[in-house]
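Dropping coords.cif in here (mmCIF, C-alpha atoms and all ligand atoms):
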```
data_coords
loop_
_atom_site.label_atom_id
_atom_site.label_comp_id
_atom_site.auth_asym_id
_atom_site.auth_seq_id
_atom_site.Cartn_x
_atom_site.Cartn_y
_atom_site.Cartn_z
CA MET L 1 67.99 84.95 114.80
CA ARG L 2 70.89 83.89 112.61
CA ARG L 3 69.20 80.60 111.84
CA LYS L 4 66.03 82.38 110.93
CA ARG L 5 67.85 84.68 108.54
CA ILE L 6 69.59 81.77 106.85
CA TRP L 7 66.26 80.00 106.53
CA ALA L 8 64.62 83.03 104.97
CA ALA L 9 67.51 83.54 102.57
CA GLY L 10 67.37 79.86 101.64
CA ILE L 11 63.70 80.07 100.84
CA THR L 12 63.94 83.16 98.72
CA SER L 13 67.04 82.19 96.83
CA CYS L 14 66.66 78.47 96.12
CA MET L 15 62.84 78.72 96.00
CA SER L 16 62.69 75.07 96.84
CA ILE L 17 59.16 73.80 96.61
CA LEU L 18 59.99 71.33 99.34
CA LEU L 19 60.78 74.08 101.81
CA PHE L 20 57.71 75.94 100.70
CA CYS L 21 55.55 72.89 101.38
CA THR L 22 57.04 72.56 104.84
CA CYS L 23 55.97 76.05 105.76
CA ALA L 24 52.55 75.48 104.29
CA GLU L 25 51.91 72.80 106.87
CA GLN L 26 51.69 75.54 109.47
CA ASP L 27 48.54 77.53 110.12
CA MET L 28 47.83 79.32 106.83
CA SER L 29 45.23 81.64 108.28
CA ALA L 30 47.70 83.23 110.70
CA PRO L 31 48.11 86.85 109.59
CA ASP L 32 51.76 86.93 110.66
CA ARG L 33 52.73 84.51 107.87
CA LEU L 34 53.28 85.97 104.47
CA TYR L 35 53.81 83.31 101.82
CA VAL L 36 54.02 84.91 98.41
CA GLY L 37 53.76 82.91 95.21
CA VAL L 38 55.16 84.82 92.25
CA ALA L 39 54.41 83.74 88.68
CA CYS L 40 56.63 85.45 86.10
CA TYR L 41 56.05 85.35 82.32
CA ASN L 42 59.78 84.95 81.62
CA GLN L 43 62.60 85.39 84.08
CA GLY L 44 65.07 85.93 81.25
CA ASP L 45 63.51 89.42 80.97
CA THR L 46 66.08 91.89 82.31
CA PHE L 47 63.72 94.45 83.83
CA LEU L 48 61.57 91.82 85.55
CA SER L 49 64.46 89.83 86.95
CA GLU L 50 65.88 93.01 88.51
CA MET L 51 62.47 93.97 89.87
CA LEU L 52 61.83 90.53 91.37
CA ASP L 53 65.22 90.48 93.11
CA ILE L 54 64.24 93.73 94.82
CA PHE L 55 60.79 92.37 95.65
CA SER L 56 62.21 89.23 97.28
CA GLU L 57 64.54 91.39 99.38
CA GLN L 58 61.66 93.62 100.45
CA VAL L 59 59.52 90.69 101.55
CA GLN L 60 62.48 89.12 103.31
CA GLU L 61 62.99 92.36 105.20
CA MET L 62 59.41 92.23 106.41
CA GLY L 63 60.41 88.86 107.85
CA SER L 64 62.93 90.55 110.09
CA HIS L 65 60.07 92.60 111.61
CA GLY L 66 58.31 89.66 113.17
CA THR L 67 56.35 88.29 110.21
CA GLU L 68 57.29 84.89 108.90
CA THR L 69 57.87 85.30 105.18
CA ALA L 70 58.61 83.20 102.12
CA VAL L 71 58.71 83.99 98.43
CA ALA L 72 58.57 81.32 95.73
CA VAL L 73 59.10 82.44 92.14
CA ARG L 74 58.02 80.36 89.13
CA ASP L 75 59.09 81.06 85.57
CA ALA L 76 56.54 80.27 82.82
CA VAL L 77 59.15 80.78 80.07
CA GLY L 78 56.50 82.24 77.81
CA SER L 79 53.76 79.61 78.16
CA GLN L 80 50.37 80.55 79.65
CA ARG L 81 49.52 76.90 80.15
CA THR L 82 52.70 76.37 82.18
CA GLN L 83 51.86 79.45 84.22
CA ASN L 84 48.36 78.17 85.01
CA ASP L 85 49.89 74.92 86.31
CA GLN L 86 52.46 76.85 88.32
CA VAL L 87 49.77 78.95 89.97
CA LYS L 88 47.90 75.78 90.93
CA GLU L 89 51.10 74.36 92.39
CA LEU L 90 51.80 77.59 94.34
CA ILE L 91 48.30 77.57 95.82
CA ASN L 92 48.63 73.89 96.76
CA ALA L 93 52.00 74.64 98.33
CA GLY L 94 50.23 77.04 100.67
CA CYS L 95 50.91 80.57 99.51
CA ASN L 96 48.40 83.07 100.90
CA VAL L 97 48.87 85.76 98.24
CA LEU L 98 49.80 85.55 94.54
CA CYS L 99 51.74 88.03 92.40
CA VAL L 100 51.05 87.25 88.77
CA ASN L 101 52.88 88.59 85.73
CA LEU L 102 50.65 87.06 83.05
CA VAL L 103 52.15 85.51 79.94
CA ASP L 104 49.04 86.43 77.96
CA ARG L 105 47.46 89.48 79.49
CA ALA L 106 44.17 88.68 77.76
CA ASP L 107 43.90 85.21 79.28
CA PRO L 108 43.79 85.37 83.10
CA SER L 109 40.47 83.54 83.69
CA GLU L 110 41.84 80.16 84.71
CA ILE L 111 44.19 81.76 87.22
CA ILE L 112 41.43 83.98 88.61
CA ASP L 113 39.12 80.95 89.04
CA LEU L 114 41.83 79.00 90.87
CA ALA L 115 42.56 81.91 93.19
CA ARG L 116 38.89 82.59 93.91
CA GLU L 117 38.15 78.93 94.69
CA ASN L 118 40.96 78.99 97.24
CA ASP L 119 40.37 82.57 98.42
CA VAL L 120 43.94 83.67 97.61
CA PRO L 121 44.11 87.31 96.46
CA ILE L 122 46.04 88.17 93.29
CA ILE L 123 48.25 91.15 92.61
CA PHE L 124 48.83 91.27 88.86
CA PHE L 125 51.91 93.23 87.92
CA ASN L 126 53.67 94.69 84.88
CA ARG L 127 51.39 93.04 82.29
CA GLU L 128 48.00 94.61 82.81
CA PRO L 129 44.89 92.48 82.41
CA VAL L 130 42.03 94.10 80.52
CA ALA L 131 39.57 96.07 82.67
CA GLU L 132 36.70 93.53 82.38
CA ASP L 133 38.91 90.76 83.73
CA MET L 134 39.95 92.92 86.68
CA MET L 135 36.23 93.08 87.57
CA GLN L 136 35.89 89.28 87.79
CA TRP L 137 36.57 89.25 91.55
CA ASP L 138 37.05 91.85 94.29
CA LYS L 139 40.42 90.45 95.39
CA LEU L 140 42.26 91.36 92.18
CA TYR L 141 44.78 94.20 92.11
CA TYR L 142 47.31 95.62 89.66
CA VAL L 143 50.72 97.22 90.24
CA GLY L 144 52.50 98.80 87.29
CA ALA L 145 53.11 102.08 85.54
CA ASP L 146 51.36 104.33 83.05
CA ALA L 147 52.63 103.37 79.59
CA GLN L 148 51.53 106.65 78.09
CA GLN L 149 53.72 108.62 80.46
CA SER L 150 56.80 106.63 79.44
CA GLY L 151 56.10 107.27 75.75
CA VAL L 152 55.65 111.00 76.30
CA MET L 153 58.90 111.15 78.26
CA GLN L 154 60.83 109.22 75.63
CA GLY L 155 59.45 111.59 72.99
CA GLU L 156 60.48 114.62 75.07
CA LEU L 157 63.99 113.25 75.52
CA ALA L 158 64.24 112.83 71.75
CA VAL L 159 63.00 116.39 71.18
CA ASP L 160 65.67 117.74 73.55
CA VAL L 161 68.47 115.81 71.83
CA ILE L 162 67.33 116.86 68.33
CA ARG L 163 67.01 120.53 69.32
CA ALA L 164 70.35 120.57 71.12
CA ASP L 165 72.41 119.10 68.30
CA SER L 166 71.79 119.85 64.62
CA ARG L 167 74.09 116.96 63.65
CA VAL L 168 71.32 114.49 64.59
CA ASP L 169 69.73 115.37 61.23
CA ARG L 170 72.74 113.95 59.46
CA ASN L 171 71.54 114.41 55.88
CA ASN L 172 70.33 117.91 56.72
CA ASP L 173 66.91 117.51 55.12
CA GLY L 174 65.02 119.03 58.06
CA LYS L 175 63.46 115.68 58.93
CA ILE L 176 64.47 112.97 61.36
CA GLN L 177 64.59 109.54 59.76
CA TYR L 178 63.68 107.07 62.52
CA VAL L 179 63.00 103.42 63.24
CA VAL L 180 61.17 101.82 66.17
CA LEU L 181 62.01 98.62 68.02
CA GLU L 182 58.84 97.34 69.57
CA GLY L 183 58.16 94.97 72.46
CA GLU L 184 55.62 92.15 72.22
CA ALA L 185 52.64 92.67 69.96
CA GLY L 186 49.60 93.13 72.19
CA HIS L 187 51.52 94.32 75.26
CA GLN L 188 50.10 97.59 76.65
CA ASP L 189 53.60 99.06 77.02
CA ALA L 190 54.61 98.36 73.41
CA ILE L 191 51.64 99.82 71.54
CA ILE L 192 51.20 102.86 73.75
CA ARG L 193 54.89 103.74 74.13
CA THR L 194 55.43 103.78 70.38
CA GLU L 195 52.36 105.87 69.63
CA THR L 196 52.89 108.46 72.32
CA ALA L 197 56.64 108.87 71.73
CA VAL L 198 56.04 109.60 68.04
CA ASP L 199 53.04 111.88 68.78
CA THR L 200 55.12 113.85 71.27
CA LEU L 201 57.87 114.44 68.71
CA ARG L 202 55.33 115.61 66.14
CA SER L 203 53.43 117.85 68.54
CA ASN L 204 56.74 119.53 69.35
CA GLY L 205 57.16 120.41 65.71
CA ILE L 206 59.77 117.82 64.77
CA GLN L 207 59.41 116.62 61.18
CA LEU L 208 59.66 112.86 61.06
CA GLU L 209 60.09 110.16 58.49
CA LYS L 210 59.49 106.60 59.60
CA LEU L 211 61.87 104.26 57.78
CA SER L 212 60.97 100.98 59.40
CA TYR L 213 60.09 99.11 62.58
CA GLY L 214 60.84 95.71 64.05
CA ILE L 215 59.19 93.65 66.78
CA ALA L 216 61.86 92.27 69.10
CA ASN L 217 59.85 91.11 72.16
CA TRP L 218 61.86 93.19 74.68
CA ASN L 219 64.88 91.09 73.83
CA ARG L 220 68.42 92.28 73.14
CA ALA L 221 69.47 89.52 70.73
CA GLN L 222 66.25 89.77 68.71
CA ALA L 223 66.67 93.55 68.55
CA GLN L 224 70.20 93.15 67.22
CA ASN L 225 68.87 90.94 64.41
CA ARG L 226 66.03 93.28 63.55
CA MET L 227 68.44 96.22 63.55
CA LEU L 228 70.92 94.43 61.29
CA GLN L 229 68.09 93.90 58.79
CA MET L 230 67.03 97.54 58.99
CA ILE L 231 70.61 98.78 58.53
CA SER L 232 71.08 96.57 55.49
CA GLU L 233 67.97 98.18 54.02
CA HIS L 234 68.59 101.80 55.00
CA GLN L 235 72.38 101.98 55.51
CA ASN L 236 73.46 105.36 56.88
CA ASN L 237 70.03 106.92 56.69
CA ILE L 238 68.77 106.02 60.17
CA GLU L 239 69.09 109.03 62.49
CA LEU L 240 67.04 107.97 65.51
CA VAL L 241 66.22 104.62 67.12
CA LEU L 242 63.24 104.65 69.49
CA ALA L 243 63.24 101.40 71.46
CA ASN L 244 60.34 100.36 73.69
CA ASN L 245 62.89 99.24 76.30
CA ASP L 246 66.59 99.45 77.15
CA ASP L 247 67.44 95.88 76.19
CA MET L 248 66.23 96.49 72.64
CA ALA L 249 68.11 99.84 72.45
CA LEU L 250 71.21 97.93 73.54
CA GLY L 251 70.57 95.27 70.90
CA ALA L 252 70.39 98.03 68.27
CA MET L 253 73.69 99.41 69.52
CA ASP L 254 75.18 95.90 69.33
CA ALA L 255 74.23 95.80 65.64
CA TYR L 256 76.13 99.04 64.89
CA GLU L 257 79.06 97.76 66.94
CA LYS L 258 79.10 94.53 64.97
CA LEU L 259 79.19 96.47 61.70
CA ASN L 260 81.96 98.72 63.03
CA TYR L 261 80.07 101.95 62.44
CA THR L 262 82.01 104.97 63.65
CA GLU L 263 80.44 107.07 66.35
CA SER L 264 79.46 109.91 64.02
CA ALA L 265 77.66 107.52 61.65
CA ARG L 266 75.50 106.04 64.41
CA PRO L 267 71.95 107.22 65.17
CA VAL L 268 70.66 108.52 68.49
CA PHE L 269 69.39 105.67 70.68
CA LEU L 270 66.68 106.02 73.31
CA GLY L 271 65.39 103.32 75.65
CA ILE L 272 62.97 102.86 78.53
CA ASP L 273 63.50 101.07 81.91
CA GLY L 274 66.80 102.21 83.40
CA THR L 275 68.05 98.66 83.94
CA ASP L 276 71.61 98.35 85.24
CA VAL L 277 73.01 97.93 81.71
CA GLY L 278 70.73 100.65 80.37
CA LEU L 279 71.92 103.17 82.94
CA GLN L 280 75.51 102.21 82.22
CA ALA L 281 74.97 102.95 78.51
CA VAL L 282 73.59 106.39 79.39
CA GLU L 283 76.52 107.02 81.71
CA ASP L 284 78.91 106.05 78.90
CA SER L 285 77.03 108.41 76.51
CA GLU L 286 76.25 105.51 74.16
CA MET L 287 72.54 105.87 74.75
CA ALA L 288 71.18 109.44 74.74
CA GLY L 289 68.70 108.77 77.51
CA THR L 290 66.17 106.41 79.03
CA VAL L 291 62.96 106.57 81.03
CA TYR L 292 63.15 105.09 84.50
CA ASN L 293 60.61 102.35 85.12
CA ASP L 294 60.49 102.50 88.92
CA LYS L 295 61.26 98.91 89.83
CA GLU L 296 61.99 99.79 93.46
CA GLY L 297 58.64 101.62 93.78
CA GLN L 298 56.73 98.81 92.07
CA ALA L 299 58.41 96.13 94.20
CA GLU L 300 57.70 98.06 97.38
CA ALA L 301 54.06 98.72 96.45
CA MET L 302 53.59 95.03 95.70
CA ALA L 303 55.22 93.93 98.97
CA GLU L 304 53.15 96.39 101.02
CA LEU L 305 49.93 95.39 99.31
CA ALA L 306 50.71 91.69 99.72
CA ALA L 307 51.34 92.19 103.45
CA ALA L 308 48.17 94.27 103.85
CA LEU L 309 46.02 91.71 102.02
CA VAL L 310 47.29 88.88 104.19
CA SER L 311 47.24 90.69 107.54
CA GLY L 312 44.08 92.68 106.85
CA GLU L 313 45.90 95.76 108.14
CA GLY L 314 47.03 98.89 106.32
CA MET L 315 44.79 98.68 103.23
CA GLU L 316 43.43 102.17 104.01
CA LYS L 317 46.94 103.65 103.72
CA ILE L 318 47.38 102.44 100.13
CA ASN L 319 46.77 104.98 97.41
CA PHE L 320 44.69 103.08 94.84
CA GLN L 321 43.31 104.40 91.59
CA ASN L 322 39.85 103.07 90.80
CA GLY L 323 39.99 100.97 93.96
CA LYS L 324 42.45 98.34 92.71
CA TYR L 325 45.24 99.89 90.61
CA ILE L 326 48.62 101.25 91.72
CA TYR L 327 50.67 103.09 89.07
CA LEU L 328 54.19 104.27 89.89
CA PRO L 329 55.48 107.31 87.97
CA TYR L 330 58.27 107.15 85.37
CA SER L 331 61.19 109.64 85.27
CA LYS L 332 63.47 110.89 82.50
CA VAL L 333 67.12 109.89 82.77
CA THR L 334 70.01 111.60 80.99
CA ARG L 335 73.69 111.83 81.71
CA GLU L 336 72.99 115.00 83.75
CA ASN L 337 70.81 113.35 86.41
CA ILE L 338 72.00 109.76 86.21
CA ASP L 339 73.43 109.74 89.74
CA MET L 340 69.91 109.91 91.14
CA PHE L 341 69.19 106.56 89.52
CA THR L 342 72.42 104.60 89.74
CA ASN L 343 72.31 104.96 93.52
CA ARG L 344 68.66 103.97 93.91
CA GLY L 345 67.94 101.16 96.27
CA LYS L 346 71.56 101.00 97.41
C1 LIG L 401 57.91 96.48 80.38
C2 LIG L 401 59.42 96.70 80.41
C3 LIG L 401 60.07 95.73 79.48
C4 LIG L 401 59.64 94.31 79.81
C5 LIG L 401 58.14 94.20 79.81
C6 LIG L 401 57.70 92.81 80.20
O1 LIG L 401 57.28 97.34 81.30
O2 LIG L 401 59.70 98.02 80.03
O3 LIG L 401 61.47 95.83 79.56
O4 LIG L 401 60.15 93.98 81.06
O5 LIG L 401 57.58 95.16 80.70
O6 LIG L 401 56.34 92.69 80.39
CA CA L 402 67.36 113.77 58.23
#
```
Output the file's structure as structure tokens, nothing else.
Amino acid sequence: MRRKRIWAAGITSCMSILLFCTCAEQDMSAPDRLYVGVACYNQGDTFLSEMLDIFSEQVQEMGSHGTETAVAVRDAVGSQRTQNDQVKELINAGCNVLCVNLVDRADPSEIIDLARENDVPIIFFNREPVAEDMMQWDKLYYVGADAQQSGVMQGELAVDVIRADSRVDRNNDGKIQYVVLEGEAGHQDAIIRTETAVDTLRSNGIQLEKLSYGIANWNRAQAQNRMLQMISEHQNNIELVLANNDDMALGAMDAYEKLNYTESARPVFLGIDGTDVGLQAVEDSEMAGTVYNDKEGQAEAMAELAAALVSGEGMEKINFQNGKYIYLPYSKVTRENIDMFTNRGK
């Protein structure tokens, strides 16, 4: 038992391809063996690295219930070509299900062809392929969340903060001067979050003035740079920063910190994700709120679906939309309800 646990931990943590190959030599068709190959667009991404840690734990736990499990994670570091090669390697190493977080969500065809030739089902996650590509084969699934819902919730959080505190409108002109920090161009979560957050503010009667926006690819350091540029252009006039994710909201806060802005001269910051650092910033009242991107729920849905696809059991219990999609709901997080989130999964 102890040996088995050490073995499983070794596989999931070092992700050694050698170990993975060793297990592949066993009978791949056996339904009690769950070998998951995970392809991630960039493991430096805070939200995804937290989600994948939870996913590996979940699969490992299934191992303690009589199934032999292994998870191998590959990091494409932003290159679709690298990811295609990694998927080939994972299939050759013997994984019997793939979880793919595409680098380019519009370019999954090579990966789908490889999987179909080898009859290995794919669960895409977090970066949603376009609908036509999802129709290419009947063993393609998607686990993620509804971007529109996160934008609406971020907008509602902003409305609450603006209504509760007249000092947010610092220059008292009846309008909120705002900037947006956007994720990757072309990512479903970036475009939709921005649009719906702003629409929600407007439909709640908040007068807005957009000062600027910056694309920062979900990344804290890039967001800091973009924010420094926007501050140099607009000085004290920025009253609200809507960031498509927590890391970029934190990067914006870093910029104000670097320039030594006093608390009362800083704008309101809102993020999305509820990463560990994001939640901490809400707890410390540095960030007004965030929208929880349910990494535990997504990891669990992916692990359950992977197990069901391999064993052929339990598919009927899964609540799909349109036969192949699973969307986990978002939730609003403020200082008032933060305990519900900091203790999740612990
Ligand atoms: C989003 C998440 C971002 C980033 C991105 C990567 O859902 O909010 O922080 O992880 O996915 O695709
Ligand atoms: Ca104003």
Would you mind listing the residues within 8 Å of ligand LIG 401 (chain L), counting all atoms listed in the file, as a VMD selection string?
-> chain L and resid 41 45 to 48 101 126 to 127 144 to 145 147 183 187 189 to 190 218 244 to 247 272 to 273 293
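Of the listed residues L:Ile176, L:Leu208, L:Ala223, L:Leu259, the one whose atoms come nearest to ligand CA 402 (chain L) is L:Ile176, with distances taken using all atoms listed in the file.
Taking all atoms listed in the file into account, the protein and nucleic acid residues that come at most 9 Å from ligand CA 402 (chain L) are Val168, Asp169, Arg170, Asn171, Asn172, Asp173, Gly174, Lys175, Ile176, Gln177, Tyr178, Gln207, Leu208, Glu209, Asn237, Ile238 and Glu239 of chain L.
Residue nearest Glu195 of chain L, chosen from L:Asn219, L:Thr69, L:Asn225, L:Gln154 and counting only C-alpha atoms: L:Gln154.
Across the structure, atom CA of Tyr325 of chain L and atom CA of Ile191 of chain L are spaced 20.1 Å apart.
Neighbouring residues of segment 203-205 of chain L at 12 Å or closer, counting only C-alpha atoms and skipping chain neighbours under 5 positions away, are Val152, Gly155, Glu156, Leu157, Ala158, Val159, Asp160, Ile162, Arg163, Gly174, Lys175, Ile176, Thr196, Ala197 and Val198 of chain L.
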Provide the atom CA of Glu110 of chain L to atom CA of Lys324 of chain L distance in Å, to one decimal place.
-> 19.9 Å
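Look at Gln43 of chain L: the protein and nucleic acid residues within 10 Å of it, using all atoms listed in the file and passing over chain neighbours fewer than 5 places away, are Leu48, Ser49, Glu50, Leu52, Val73, Arg74, Asp75, Ala76, Val77 and Gly78 of chain L.
Of note, atom CA of Ala216 of chain L and atom CA of Leu201 of chain L are spaced 22.5 Å apart.
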All file atoms of segment 42-55 of chain L boxed axis-aligned, 3 Å per side, centre plus edges, as AutoDock Vina command-line options:
```
--center_x 62.9 --center_y 89.7 --center_z 88.3 --size_x 12.3 --size_y 15.5 --size_z 20.7
```
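Within 10 Å of the file-frame point (66.9, 106.8, 72.5), and using all atoms listed in the file, the polymer residues found are Gln154, Gly155, Leu157, Ala158, Val161, Val180, Leu240, Val241, Leu242, Ala243, Asn244, Asn245, Asp246, Ala249, Leu250, Pro267, Val268, Phe269, Leu270, Gly271, Ile272, Val282, Glu286, Met287, Ala288, Gly289, Thr290 and Val291 of chain L.
Candidate residues L:Thr342, L:Ala221, L:Leu309, L:Met227 were compared for distance to Ala281 of chain L, and the nearest is L:Thr342, using only C-alpha atoms.
Shortest atom-to-atom contact with Gly66 of chain L among L:Arg81, L:Arg344, L:Arg33, L:Lys88: L:Arg33, counting only C-alpha atoms.
Non-sequential neighbours of segment 114-124 of chain L (distance at most 6 Å, separation of 6 or more positions within a chain, all atoms listed in the file) are Asn96, Val97, Leu98, Cys99, Val100, Asn101, Lys139, Leu140, Tyr141 and Tyr142 of chain L.
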Which polymer residues have any atom within 9 Å of an atom of Val59 of chain L, counting all atoms listed in the file, with same-chain residues fewer than 2 positions away left out, as a VMD selection string?
-> chain L and resid 34 36 54 to 57 61 to 63 69 to 71 300 303 to 304 307
Take segment 159-168 of chain L, model all heavy atoms, and hand the result over as a PDB file, in the frame of the given file.
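Below is the file out12.pdb, written as the result:
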```pdb
ATOM      1  N   VAL L 159      63.123 114.985  71.600  1.00  0.00           N
ATOM      2  CA  VAL L 159      63.000 116.390  71.180  1.00  0.00           C
ATOM      3  C   VAL L 159      64.210 117.179  71.694  1.00  0.00           C
ATOM      4  O   VAL L 159      64.850 117.929  70.945  1.00  0.00           O
ATOM      5  CB  VAL L 159      61.687 117.012  71.729  1.00  0.00           C
ATOM      6  CG1 VAL L 159      61.665 118.526  71.486  1.00  0.00           C
ATOM      7  CG2 VAL L 159      60.472 116.352  71.090  1.00  0.00           C
ATOM      8  N   ASP L 160      64.541 116.998  72.961  1.00  0.00           N
ATOM      9  CA  ASP L 160      65.670 117.740  73.550  1.00  0.00           C
ATOM     10  C   ASP L 160      66.969 117.451  72.803  1.00  0.00           C
ATOM     11  O   ASP L 160      67.738 118.362  72.497  1.00  0.00           O
ATOM     12  CB  ASP L 160      65.861 117.366  75.029  1.00  0.00           C
ATOM     13  CG  ASP L 160      64.719 117.894  75.887  1.00  0.00           C
ATOM     14  OD1 ASP L 160      63.945 118.740  75.377  1.00  0.00           O
ATOM     15  OD2 ASP L 160      64.594 117.449  77.046  1.00  0.00           O
ATOM     16  N   VAL L 161      67.217 116.177  72.504  1.00  0.00           N
ATOM     17  CA  VAL L 161      68.470 115.810  71.830  1.00  0.00           C
ATOM     18  C   VAL L 161      68.501 116.429  70.423  1.00  0.00           C
ATOM     19  O   VAL L 161      69.518 116.984  69.993  1.00  0.00           O
ATOM     20  CB  VAL L 161      68.618 114.270  71.715  1.00  0.00           C
ATOM     21  CG1 VAL L 161      69.898 113.894  70.989  1.00  0.00           C
ATOM     22  CG2 VAL L 161      68.580 113.615  73.082  1.00  0.00           C
ATOM     23  N   ILE L 162      67.384 116.352  69.717  1.00  0.00           N
ATOM     24  CA  ILE L 162      67.330 116.860  68.330  1.00  0.00           C
ATOM     25  C   ILE L 162      67.529 118.376  68.309  1.00  0.00           C
ATOM     26  O   ILE L 162      68.254 118.915  67.478  1.00  0.00           O
ATOM     27  CB  ILE L 162      65.982 116.450  67.675  1.00  0.00           C
ATOM     28  CG1 ILE L 162      65.928 114.929  67.502  1.00  0.00           C
ATOM     29  CG2 ILE L 162      65.780 117.152  66.326  1.00  0.00           C
ATOM     30  CD1 ILE L 162      64.540 114.365  67.278  1.00  0.00           C
ATOM     31  N   ARG L 163      66.883 119.066  69.285  1.00  0.00           N
ATOM     32  CA  ARG L 163      67.010 120.530  69.320  1.00  0.00           C
ATOM     33  C   ARG L 163      68.411 120.970  69.738  1.00  0.00           C
ATOM     34  O   ARG L 163      68.902 122.009  69.303  1.00  0.00           O
ATOM     35  CB  ARG L 163      66.003 121.124  70.303  1.00  0.00           C
ATOM     36  CG  ARG L 163      64.599 121.081  69.721  1.00  0.00           C
ATOM     37  CD  ARG L 163      63.687 122.053  70.449  1.00  0.00           C
ATOM     38  NE  ARG L 163      62.336 121.980  69.896  1.00  0.00           N
ATOM     39  CZ  ARG L 163      61.236 121.930  70.634  1.00  0.00           C
ATOM     40  NH1 ARG L 163      61.321 121.950  71.961  1.00  0.00           N
ATOM     41  NH2 ARG L 163      60.063 121.881  70.047  1.00  0.00           N
ATOM     42  N   ALA L 164      69.047 120.148  70.585  1.00  0.00           N
ATOM     43  CA  ALA L 164      70.350 120.570  71.120  1.00  0.00           C
ATOM     44  C   ALA L 164      71.494 120.338  70.134  1.00  0.00           C
ATOM     45  O   ALA L 164      72.561 120.916  70.267  1.00  0.00           O
ATOM     46  CB  ALA L 164      70.632 119.817  72.429  1.00  0.00           C
ATOM     47  N   ASP L 165      71.278 119.457  69.145  1.00  0.00           N
ATOM     48  CA  ASP L 165      72.410 119.100  68.300  1.00  0.00           C
ATOM     49  C   ASP L 165      71.948 118.923  66.840  1.00  0.00           C
ATOM     50  O   ASP L 165      71.324 117.915  66.491  1.00  0.00           O
ATOM     51  CB  ASP L 165      73.019 117.778  68.824  1.00  0.00           C
ATOM     52  CG  ASP L 165      74.298 117.411  68.102  1.00  0.00           C
ATOM     53  OD1 ASP L 165      74.626 118.074  67.092  1.00  0.00           O
ATOM     54  OD2 ASP L 165      74.953 116.452  68.542  1.00  0.00           O
ATOM     55  N   SER L 166      72.280 119.891  66.002  1.00  0.00           N
ATOM     56  CA  SER L 166      71.790 119.850  64.620  1.00  0.00           C
ATOM     57  C   SER L 166      72.398 118.684  63.838  1.00  0.00           C
ATOM     58  O   SER L 166      71.891 118.293  62.787  1.00  0.00           O
ATOM     59  CB  SER L 166      72.118 121.172  63.916  1.00  0.00           C
ATOM     60  OG  SER L 166      73.520 121.378  63.968  1.00  0.00           O
ATOM     61  N   ARG L 167      73.468 118.085  64.371  1.00  0.00           N
ATOM     62  CA  ARG L 167      74.090 116.960  63.650  1.00  0.00           C
ATOM     63  C   ARG L 167      73.232 115.692  63.679  1.00  0.00           C
ATOM     64  O   ARG L 167      73.486 114.742  62.947  1.00  0.00           O
ATOM     65  CB  ARG L 167      75.474 116.653  64.255  1.00  0.00           C
ATOM     66  CG  ARG L 167      76.529 117.715  63.940  1.00  0.00           C
ATOM     67  CD  ARG L 167      77.761 117.482  64.774  1.00  0.00           C
ATOM     68  NE  ARG L 167      77.409 117.423  66.192  1.00  0.00           N
ATOM     69  CZ  ARG L 167      78.260 117.163  67.172  1.00  0.00           C
ATOM     70  NH1 ARG L 167      79.523 116.913  66.900  1.00  0.00           N
ATOM     71  NH2 ARG L 167      77.869 117.127  68.440  1.00  0.00           N
ATOM     72  N   VAL L 168      72.205 115.670  64.553  1.00  0.00           N
ATOM     73  CA  VAL L 168      71.320 114.490  64.590  1.00  0.00           C
ATOM     74  C   VAL L 168      70.673 114.301  63.209  1.00  0.00           C
ATOM     75  O   VAL L 168      70.560 113.180  62.718  1.00  0.00           O
ATOM     76  CB  VAL L 168      70.238 114.633  65.696  1.00  0.00           C
ATOM     77  CG1 VAL L 168      69.253 113.478  65.635  1.00  0.00           C
ATOM     78  CG2 VAL L 168      70.887 114.718  67.074  1.00  0.00           C
TER      79      VAL L 168
END
```
